[in-house]
Amino acid sequence: MEVLFRDFQTACQEGSGHLLAATISPIAPPSYLNRLDAIYKDSDVASISQDVARGLTKSAHAAIQYPNPQIDTWTEIYTAYWYAIGGIIAAEQPTSRPEWLRVYMAWKDLANTIIKHYSSGVLEAWTLPVLYMAGKHLRIFAIKADEAAAASGGSDTFNTGEIQEDIAGDFDKNQKLEDAARVINRMFTLCISDRAPLEESRKWGLYYTANLQFKTYFKLNSPSLCKNVIRALGAGRTDMPDLDAFPRSHIVTWKYYVGVLRFLEEDYAGAEESLTSAWHMCHHSATHNIELILTYLIPTCLLTRQLLPSPRLLSPYPRLAEIFTPLVDAIRSGSLSTFDAALADGEAEFVKRRIYLTLERGRDMCLRNLLRKVYLATGMDEEGKRRTRIRVAEFGAAIRLGERGVEGENLENDEVECMVANMICKNLIKGYISRAHGMVVLSKNGAFPGTGI
Amino acid sequence: MSGATDGSGPTTKATASDSTDSSILKDQQKPAAALEEDDEFEDFPVDDWAPEDSEVPPGSEGGTTHLWEESWDDDDTSEDFSKQLKDELAKVKGQK
């Protein structure tokens with residue numbers, strides 16, 4: 001257990017919150033893979049509390065005063081930590097059935113102990129990474145506990161018939177994660193309610209704990225709960241530091257989640273702003289996170305700017321290239337049938353990522369490109385100007401070909417007019433339909449806005 | 001969150017195993033198990049970094065324009081589809 005006290009002293013002397021947080025990590029560092037075992041084996045249930053108190057006192061600075069609230073606090077924290085690692089070591093034994101519920105409960109004790117000592121003011125703002133460490137792993141252990149419960153479900157619970165069991169199973173599916181969400185919410189409250197001057201305020205923990213809430217609510221499939229968090233940190237608050245003043249990891253994660261939320265609310269301009277800055281600021285080697293940001297930024301830019309990702313943008317991310325390239329190619333070439341097929345092929349993935357409905361709107365652009373081709377193909381009039389009157393039947397033939405192929409059934413003129421009217425309404429085409437003549441009369445200037453003709 | 005501890009040790013898999021999030025997966029026939037492991041925004045291995053370590057460092061935002069392309073393409077005259085389209089349009093004209 002000596003290692004624990006030695007690391008604690010080093011962290012306190014250097015005033016490093018991250019070193020301090022590392023002392024309660026549930027994961028052993030690569031440099032000392034036996035750390036958890038070594039700490040756990042060095043004590044037992046009967047004497048852990050005295051062992052920690054004695055160890056902390058012995059290694060503390062000679063001039064320290066007794067009784068010391070720091071030592072009492074950390075005795076409680078490390079005792080709770082000791083119980084938690086007992087569970088972790090047991091759960092990671094390959095032979096036994098992992099008891100993640102036990103780990104979760106023990107870790108929750110640790111988290112609550114830590115929260116208590118922030119509330120009482122013993123733990124200062126510089127130790128905030130300790131709170132982060134507790135919150136981050138609380139969420140992870142809750143997910144593991146829920147998964148373990150789901151995996152063993154049925155055998156442990158009473159059986160009252162299949163249908164009821166299904167309902168109950170669904171209901172309790174995220175029981176521990178919901179429980180963790182409440183603890184994490186207390187962590188956030190702890191930060192937002194701190195009235196100390198900014199330089200020593202827990203307000204510096206706001207975005208980290210807010211991000212933990214976001215992750216938890218997304219995992220619980222209740223992203224709408226994030227709105228309360230955003231509202232709490234809303235613009236116009238004068239009593240907290242500017243977002244720019246926070247570490248980049250906090251900012252990027254925050255902007256990603258805010259961007260995705262705006263995306264889900266169909267506020268695409270807002271989504272573009274948040275996701276673009278998340279993309280720009282993201283660490284260049286965090287490819288997985290960049291990939292996630294682009295997963296939402298690409299459909300967003302499709303709608304807001306009518307821009308498609310270039311092969312160069314996609315090439316570092318094979319999965320993005322795989323799901324987006326067929327759609328992008330279809331849109332660009334105006335091939336409706338290829339677009340529909342690409343959308344159907346990727347449906348499972350698109351729905352899972354919640355981008356299906358947004359991508360579906362790309363069909364308008366595909367149709368625009370098809371009609372644009374008709375316009376380009378109809379040639380010039382006697383004065384060398386592009387013919388701006390195009391028969392509805394010509395557009396109809398193109399749509400039939402694009403949608404149904406050479407052998408496809410003809411479309412009714414009404415259907416075609418409806419599609420063209422929609423395009424005009426969405427400002428993808430400028431012009432009007434002359435029903436009497438069965439003509440679409442296109443604007444002489446910029447018939448297809450933003451496309452150079 | 002300490003950089004050294006992330007990404008090592010047996011418990012790190014916890015963030016990655018997202019196998020119960022099926023309610024957003026409407027397509028029940030395809031569990032898409034391989035994809036679910038990765039859909040969570042990961043913790044960064046470091047808390048903060050220099051501006052120049054960002055994906056698009058401040059001041060070089062203009063360099064991203066070549067990563068996006070216009071949504072239409074005029075350079076496709078040799079494409080099969082364009083040829084078919086011209087044939088079809090010719091037929092319609094013939095019916096006039």
# chains A, B, ... in the order shown; residues from 1 in each chain; ligands from 1
>>> residues_around(residues="Trp126 (chain A)", least_positions_apart="6", cutoff="8 Å", atoms="only C-alpha atoms", output="PyMOL selection string")
chain A and resi 15-17+200
>>> residues_around(residues="Glu61 (chain B)", least_positions_apart="4", cutoff="8 Å", atoms="only C-alpha atoms", output="list of chain:residue names")
A:His280, B:Val56, B:Pro57
>>> interface_residues(of="chain A", to="chain B", cutoff="7 Å", atoms="only C-alpha atoms", output="short mmCIF file (atom, residue, chain, number, x, y, z; two decimals) with all heavy atoms, in the first residue's frame")
data_model
loop_
_atom_site.label_atom_id
_atom_site.label_comp_id
_atom_site.auth_asym_id
_atom_site.auth_seq_id
_atom_site.Cartn_x
_atom_site.Cartn_y
_atom_site.Cartn_z
N HIS A 18 -4.17 15.78 -11.68
CA HIS A 18 -4.15 14.55 -12.49
C HIS A 18 -3.39 13.44 -11.81
O HIS A 18 -3.81 12.27 -11.85
CB HIS A 18 -3.58 14.85 -13.87
CG HIS A 18 -4.55 15.62 -14.71
ND1 HIS A 18 -5.68 15.05 -15.25
CD2 HIS A 18 -4.61 16.94 -15.04
CE1 HIS A 18 -6.38 15.97 -15.89
NE2 HIS A 18 -5.76 17.13 -15.78
N ALA A 21 -5.67 12.20 -9.13
CA ALA A 21 -6.74 11.37 -9.70
C ALA A 21 -6.21 9.98 -10.03
O ALA A 21 -6.90 8.98 -9.83
CB ALA A 21 -7.31 12.03 -10.95
N ALA A 22 -4.95 9.93 -10.51
CA ALA A 22 -4.39 8.63 -10.88
C ALA A 22 -4.30 7.69 -9.68
O ALA A 22 -4.33 6.47 -9.84
CB ALA A 22 -3.01 8.82 -11.50
N ILE A 27 -7.68 1.35 -13.04
CA ILE A 27 -6.87 0.67 -14.04
C ILE A 27 -5.41 0.84 -13.66
O ILE A 27 -4.96 1.97 -13.40
CB ILE A 27 -7.11 1.27 -15.44
CG1 ILE A 27 -8.58 1.19 -15.81
CG2 ILE A 27 -6.26 0.55 -16.49
CD1 ILE A 27 -8.97 2.05 -16.98
N ALA A 28 -4.67 -0.25 -13.63
CA ALA A 28 -3.26 -0.16 -13.27
C ALA A 28 -2.48 0.50 -14.39
O ALA A 28 -2.78 0.28 -15.57
CB ALA A 28 -2.71 -1.55 -13.00
N PRO A 29 -1.49 1.34 -14.05
CA PRO A 29 -0.68 1.95 -15.12
C PRO A 29 0.22 0.90 -15.75
O PRO A 29 0.59 -0.08 -15.09
CB PRO A 29 0.14 3.00 -14.37
CG PRO A 29 0.22 2.50 -12.97
CD PRO A 29 -1.05 1.73 -12.71
N PRO A 30 0.60 1.09 -17.01
CA PRO A 30 1.46 0.11 -17.69
C PRO A 30 2.76 -0.11 -16.95
O PRO A 30 3.34 -1.21 -16.99
CB PRO A 30 1.73 0.74 -19.06
CG PRO A 30 0.70 1.79 -19.23
CD PRO A 30 0.25 2.23 -17.88
N PRO A 129 -9.80 16.70 -11.04
CA PRO A 129 -9.65 15.46 -11.81
C PRO A 129 -10.02 14.20 -11.01
O PRO A 129 -10.40 13.18 -11.59
CB PRO A 129 -8.16 15.46 -12.18
CG PRO A 129 -7.82 16.91 -12.28
CD PRO A 129 -8.61 17.56 -11.17
N TYR A 132 -13.52 13.80 -11.72
CA TYR A 132 -13.69 13.28 -13.09
C TYR A 132 -13.46 11.77 -13.12
O TYR A 132 -14.20 11.02 -13.75
CB TYR A 132 -12.70 13.93 -14.06
CG TYR A 132 -12.70 15.44 -14.12
CD1 TYR A 132 -11.61 16.13 -14.66
CD2 TYR A 132 -13.79 16.18 -13.66
CE1 TYR A 132 -11.60 17.51 -14.73
CE2 TYR A 132 -13.78 17.56 -13.72
CZ TYR A 132 -12.67 18.23 -14.26
OH TYR A 132 -12.65 19.59 -14.33
N MET A 133 -12.37 11.36 -12.44
CA MET A 133 -12.03 9.93 -12.43
C MET A 133 -13.18 9.12 -11.84
O MET A 133 -13.57 8.08 -12.38
CB MET A 133 -10.75 9.73 -11.60
CG MET A 133 -10.25 8.31 -11.51
SD MET A 133 -9.58 7.67 -13.06
CE MET A 133 -7.89 8.26 -12.99
N ILE A 140 -18.96 3.88 -16.55
CA ILE A 140 -18.50 2.66 -17.21
C ILE A 140 -18.94 1.41 -16.42
O ILE A 140 -19.45 0.45 -17.00
CB ILE A 140 -16.96 2.70 -17.36
CG1 ILE A 140 -16.56 3.79 -18.34
CG2 ILE A 140 -16.42 1.34 -17.81
CD1 ILE A 140 -15.08 4.08 -18.40
N LYS A 144 -21.47 -1.72 -17.42
CA LYS A 144 -21.08 -3.13 -17.28
C LYS A 144 -22.06 -3.89 -16.40
O LYS A 144 -22.39 -5.04 -16.67
CB LYS A 144 -19.68 -3.23 -16.68
CG LYS A 144 -18.60 -2.79 -17.63
CD LYS A 144 -17.30 -3.45 -17.28
CE LYS A 144 -16.42 -3.55 -18.50
NZ LYS A 144 -15.44 -4.59 -18.44
N LYS A 219 -26.37 7.49 -24.10
CA LYS A 219 -26.36 6.04 -23.91
C LYS A 219 -27.72 5.55 -23.43
O LYS A 219 -28.16 4.45 -23.79
CB LYS A 219 -25.26 5.70 -22.89
CG LYS A 219 -25.13 4.25 -22.56
CD LYS A 219 -24.41 3.50 -23.64
CE LYS A 219 -24.39 2.02 -23.28
NZ LYS A 219 -23.99 1.18 -24.39
N PRO A 247 -9.94 23.53 -21.00
CA PRO A 247 -9.05 22.66 -21.80
C PRO A 247 -9.75 22.20 -23.08
O PRO A 247 -10.97 22.01 -23.08
CB PRO A 247 -8.79 21.46 -20.88
CG PRO A 247 -9.15 21.91 -19.51
CD PRO A 247 -10.19 22.98 -19.67
N ARG A 248 -8.97 22.01 -24.12
CA ARG A 248 -9.55 21.67 -25.41
C ARG A 248 -10.36 20.37 -25.39
O ARG A 248 -11.35 20.24 -26.10
CB ARG A 248 -8.47 21.60 -26.48
CG ARG A 248 -8.02 22.99 -26.92
CD ARG A 248 -6.92 22.94 -27.97
NE ARG A 248 -6.61 24.29 -28.39
CZ ARG A 248 -5.90 25.15 -27.66
NH1 ARG A 248 -5.44 24.79 -26.48
NH2 ARG A 248 -5.66 26.37 -28.11
N SER A 249 -9.91 19.41 -24.59
CA SER A 249 -10.66 18.15 -24.57
C SER A 249 -12.10 18.40 -24.07
O SER A 249 -13.04 17.78 -24.57
CB SER A 249 -9.96 17.12 -23.68
OG SER A 249 -9.91 17.55 -22.35
N TRP A 279 -14.65 19.95 -35.06
CA TRP A 279 -13.76 19.32 -36.04
C TRP A 279 -12.41 20.05 -36.10
O TRP A 279 -11.34 19.44 -36.03
CB TRP A 279 -14.45 19.34 -37.41
CG TRP A 279 -13.63 18.83 -38.56
CD1 TRP A 279 -12.84 17.71 -38.57
CD2 TRP A 279 -13.53 19.42 -39.86
NE1 TRP A 279 -12.27 17.57 -39.81
CE2 TRP A 279 -12.66 18.59 -40.62
CE3 TRP A 279 -14.09 20.55 -40.46
CZ2 TRP A 279 -12.35 18.87 -41.95
CZ3 TRP A 279 -13.78 20.81 -41.78
CH2 TRP A 279 -12.92 19.99 -42.51
N HIS A 280 -12.48 21.36 -36.19
CA HIS A 280 -11.24 22.14 -36.28
C HIS A 280 -10.37 21.96 -35.05
O HIS A 280 -9.16 21.82 -35.15
CB HIS A 280 -11.57 23.63 -36.46
CG HIS A 280 -12.08 23.95 -37.83
ND1 HIS A 280 -12.46 25.20 -38.20
CD2 HIS A 280 -12.29 23.16 -38.91
CE1 HIS A 280 -12.88 25.19 -39.46
NE2 HIS A 280 -12.79 23.96 -39.91
N MET A 281 -10.99 21.96 -33.88
CA MET A 281 -10.20 21.97 -32.64
C MET A 281 -9.78 20.58 -32.19
O MET A 281 -8.84 20.42 -31.40
CB MET A 281 -11.02 22.64 -31.54
CG MET A 281 -10.19 22.99 -30.33
SD MET A 281 -11.18 23.73 -29.03
CE MET A 281 -11.19 25.44 -29.53
N CYS A 282 -10.41 19.56 -32.72
CA CYS A 282 -10.13 18.19 -32.27
C CYS A 282 -8.66 17.84 -32.46
O CYS A 282 -8.03 18.27 -33.42
CB CYS A 282 -11.00 17.22 -33.07
SG CYS A 282 -11.00 15.56 -32.39
N HIS A 283 -8.12 17.06 -31.53
CA HIS A 283 -6.72 16.65 -31.66
C HIS A 283 -6.57 15.82 -32.94
O HIS A 283 -7.36 14.92 -33.20
CB HIS A 283 -6.30 15.84 -30.45
CG HIS A 283 -4.81 15.69 -30.34
ND1 HIS A 283 -4.10 14.81 -31.13
CD2 HIS A 283 -3.89 16.34 -29.58
CE1 HIS A 283 -2.81 14.91 -30.83
NE2 HIS A 283 -2.65 15.83 -29.91
N HIS A 284 -5.50 16.14 -33.72
CA HIS A 284 -5.43 15.52 -35.05
C HIS A 284 -5.25 14.00 -35.01
O HIS A 284 -5.55 13.32 -35.98
CB HIS A 284 -4.32 16.17 -35.89
CG HIS A 284 -2.95 16.01 -35.29
ND1 HIS A 284 -2.28 14.82 -35.35
CD2 HIS A 284 -2.18 16.87 -34.59
CE1 HIS A 284 -1.11 14.96 -34.71
NE2 HIS A 284 -1.04 16.20 -34.24
N ASN A 289 -12.73 10.13 -32.94
CA ASN A 289 -13.60 11.26 -32.64
C ASN A 289 -13.84 12.13 -33.87
O ASN A 289 -14.95 12.61 -34.08
CB ASN A 289 -13.00 12.08 -31.49
CG ASN A 289 -13.15 11.38 -30.15
OD1 ASN A 289 -13.93 10.43 -30.03
ND2 ASN A 289 -12.41 11.82 -29.16
N GLN A 306 -25.04 22.68 -49.46
CA GLN A 306 -25.06 21.84 -50.66
C GLN A 306 -23.64 21.42 -51.04
O GLN A 306 -23.28 21.41 -52.22
CB GLN A 306 -25.72 22.57 -51.82
CG GLN A 306 -27.14 22.99 -51.50
CD GLN A 306 -27.87 23.51 -52.72
OE1 GLN A 306 -27.41 23.37 -53.84
NE2 GLN A 306 -29.03 24.08 -52.50
N LEU A 307 -22.87 21.06 -50.03
CA LEU A 307 -21.51 20.61 -50.31
C LEU A 307 -21.37 19.13 -50.03
O LEU A 307 -21.99 18.60 -49.10
CB LEU A 307 -20.50 21.37 -49.44
CG LEU A 307 -20.24 22.82 -49.82
CD1 LEU A 307 -19.28 23.47 -48.84
CD2 LEU A 307 -19.71 22.94 -51.25
N LEU A 308 -20.56 18.48 -50.86
CA LEU A 308 -20.30 17.05 -50.68
C LEU A 308 -18.87 16.86 -50.20
O LEU A 308 -17.99 17.64 -50.54
CB LEU A 308 -20.50 16.32 -52.02
CG LEU A 308 -21.88 16.45 -52.67
CD1 LEU A 308 -21.88 15.78 -54.03
CD2 LEU A 308 -22.94 15.85 -51.78
N PRO A 309 -18.64 15.80 -49.41
CA PRO A 309 -17.26 15.55 -48.96
C PRO A 309 -16.41 15.08 -50.13
O PRO A 309 -16.87 14.30 -50.95
CB PRO A 309 -17.44 14.45 -47.93
CG PRO A 309 -18.70 13.75 -48.33
CD PRO A 309 -19.58 14.80 -48.94
N SER A 310 -15.18 15.58 -50.21
CA SER A 310 -14.29 15.14 -51.28
C SER A 310 -13.66 13.80 -50.89
O SER A 310 -13.62 13.46 -49.71
CB SER A 310 -13.18 16.16 -51.49
OG SER A 310 -12.31 16.12 -50.37
N ARG A 312 -10.74 13.20 -50.67
CA ARG A 312 -9.62 13.51 -49.78
C ARG A 312 -10.06 13.63 -48.33
O ARG A 312 -9.34 13.25 -47.41
CB ARG A 312 -9.02 14.83 -50.25
CG ARG A 312 -7.56 14.91 -49.94
CD ARG A 312 -6.96 16.00 -50.74
NE ARG A 312 -5.84 16.55 -50.00
CZ ARG A 312 -5.09 17.52 -50.46
NH1 ARG A 312 -5.34 18.05 -51.63
NH2 ARG A 312 -4.09 17.96 -49.74
N LEU A 313 -11.25 14.18 -48.12
CA LEU A 313 -11.76 14.30 -46.76
C LEU A 313 -12.09 12.92 -46.20
O LEU A 313 -11.85 12.64 -45.03
CB LEU A 313 -13.03 15.18 -46.76
CG LEU A 313 -13.73 15.38 -45.42
CD1 LEU A 313 -12.83 16.06 -44.41
CD2 LEU A 313 -15.02 16.18 -45.58
N ARG A 332 -24.17 13.38 -57.13
CA ARG A 332 -23.45 14.18 -58.11
C ARG A 332 -23.89 13.83 -59.53
O ARG A 332 -24.04 14.70 -60.37
CB ARG A 332 -21.95 13.99 -57.94
CG ARG A 332 -21.15 15.01 -58.70
CD ARG A 332 -19.67 14.87 -58.44
NE ARG A 332 -19.31 15.31 -57.10
CZ ARG A 332 -18.59 14.59 -56.25
NH1 ARG A 332 -18.18 13.39 -56.58
NH2 ARG A 332 -18.29 15.06 -55.07
N SER A 333 -24.11 12.56 -59.79
CA SER A 333 -24.47 12.17 -61.15
C SER A 333 -25.97 12.29 -61.41
O SER A 333 -26.42 12.11 -62.53
CB SER A 333 -24.00 10.75 -61.44
OG SER A 333 -24.70 9.86 -60.61
N ALA A 348 -29.50 0.53 -42.19
CA ALA A 348 -29.30 0.12 -40.80
C ALA A 348 -28.30 1.04 -40.11
O ALA A 348 -28.55 1.54 -39.00
CB ALA A 348 -28.82 -1.32 -40.75
N VAL A 351 -29.74 4.73 -39.80
CA VAL A 351 -30.76 4.86 -38.76
C VAL A 351 -30.11 4.84 -37.39
O VAL A 351 -30.43 5.63 -36.51
CB VAL A 351 -31.82 3.74 -38.90
CG1 VAL A 351 -32.71 3.68 -37.67
CG2 VAL A 351 -32.64 3.95 -40.15
N LYS A 352 -29.15 3.94 -37.24
CA LYS A 352 -28.46 3.82 -35.96
C LYS A 352 -27.77 5.13 -35.60
O LYS A 352 -27.76 5.55 -34.45
CB LYS A 352 -27.45 2.70 -36.05
CG LYS A 352 -26.85 2.31 -34.73
CD LYS A 352 -26.05 1.04 -34.89
CE LYS A 352 -24.58 1.34 -34.93
NZ LYS A 352 -24.10 1.89 -33.67
N ASN A 369 -29.92 17.71 -59.79
CA ASN A 369 -28.85 17.46 -60.74
C ASN A 369 -29.36 16.76 -62.01
O ASN A 369 -28.87 17.02 -63.11
CB ASN A 369 -27.74 16.64 -60.09
CG ASN A 369 -26.94 17.47 -59.10
OD1 ASN A 369 -27.02 18.70 -59.10
ND2 ASN A 369 -26.18 16.80 -58.25
N ALA A 377 -28.85 19.50 -71.58
CA ALA A 377 -28.91 18.68 -72.79
C ALA A 377 -29.83 19.25 -73.85
O ALA A 377 -29.74 18.88 -75.02
CB ALA A 377 -29.36 17.26 -72.43
N ALA A 393 -42.93 16.76 -70.12
CA ALA A 393 -42.67 15.39 -70.57
C ALA A 393 -41.17 15.09 -70.65
O ALA A 393 -40.75 13.96 -70.41
CB ALA A 393 -43.33 15.16 -71.93
N GLU A 394 -40.39 16.10 -70.97
CA GLU A 394 -38.93 15.88 -71.03
C GLU A 394 -38.39 15.59 -69.63
O GLU A 394 -37.60 14.67 -69.42
CB GLU A 394 -38.23 17.12 -71.61
CG GLU A 394 -38.47 17.30 -73.11
CD GLU A 394 -37.77 18.54 -73.62
OE1 GLU A 394 -36.54 18.52 -73.74
OE2 GLU A 394 -38.47 19.55 -73.87
N ALA A 397 -39.46 12.15 -68.70
CA ALA A 397 -38.65 11.07 -69.28
C ALA A 397 -37.35 10.89 -68.51
O ALA A 397 -36.90 9.77 -68.25
CB ALA A 397 -38.35 11.40 -70.75
N ALA A 398 -36.78 12.02 -68.09
CA ALA A 398 -35.52 11.96 -67.35
C ALA A 398 -35.73 11.30 -65.99
O ALA A 398 -34.94 10.45 -65.56
CB ALA A 398 -34.94 13.36 -67.17
#
>>> select_by_dssp(residues="region 74-279 of chain A", states="helix (DSSP H, G or I)", output="ChimeraX atom specification")
/A:74-91,100-119,125-152,162-171,175-192,198-200,202-219,223-232,243-245,248-264,268-279
>>> atom_distance(atom1="CA of Glu266 (chain A)", atom2="CA of Ser337 (chain A)")
26.2 Å
>>> atom_distance(atom1="CA of Gln175 (chain A)", atom2="CA of Phe141 (chain A)")
12.1 Å
>>> residues_around(residues="region 84-99 of chain A", least_positions_apart="2", cutoff="10 Å", atoms="only C-alpha atoms", output="count of residues only")
33
>>> residues_around(residues="Glu322 (chain A)", least_positions_apart="5", cutoff="12 Å", atoms="only C-alpha atoms", output="list in words")
Thr295, Pro311, Leu314, Ser315, Pro316, Tyr317, Leu327, Val328, Asp329, Ala342, Asp345, Gly346 and Glu349 of chain A
>>> atom_distance(atom1="CA of Gly234 (chain A)", atom2="CA of Ile293 (chain A)")
22.2 Å
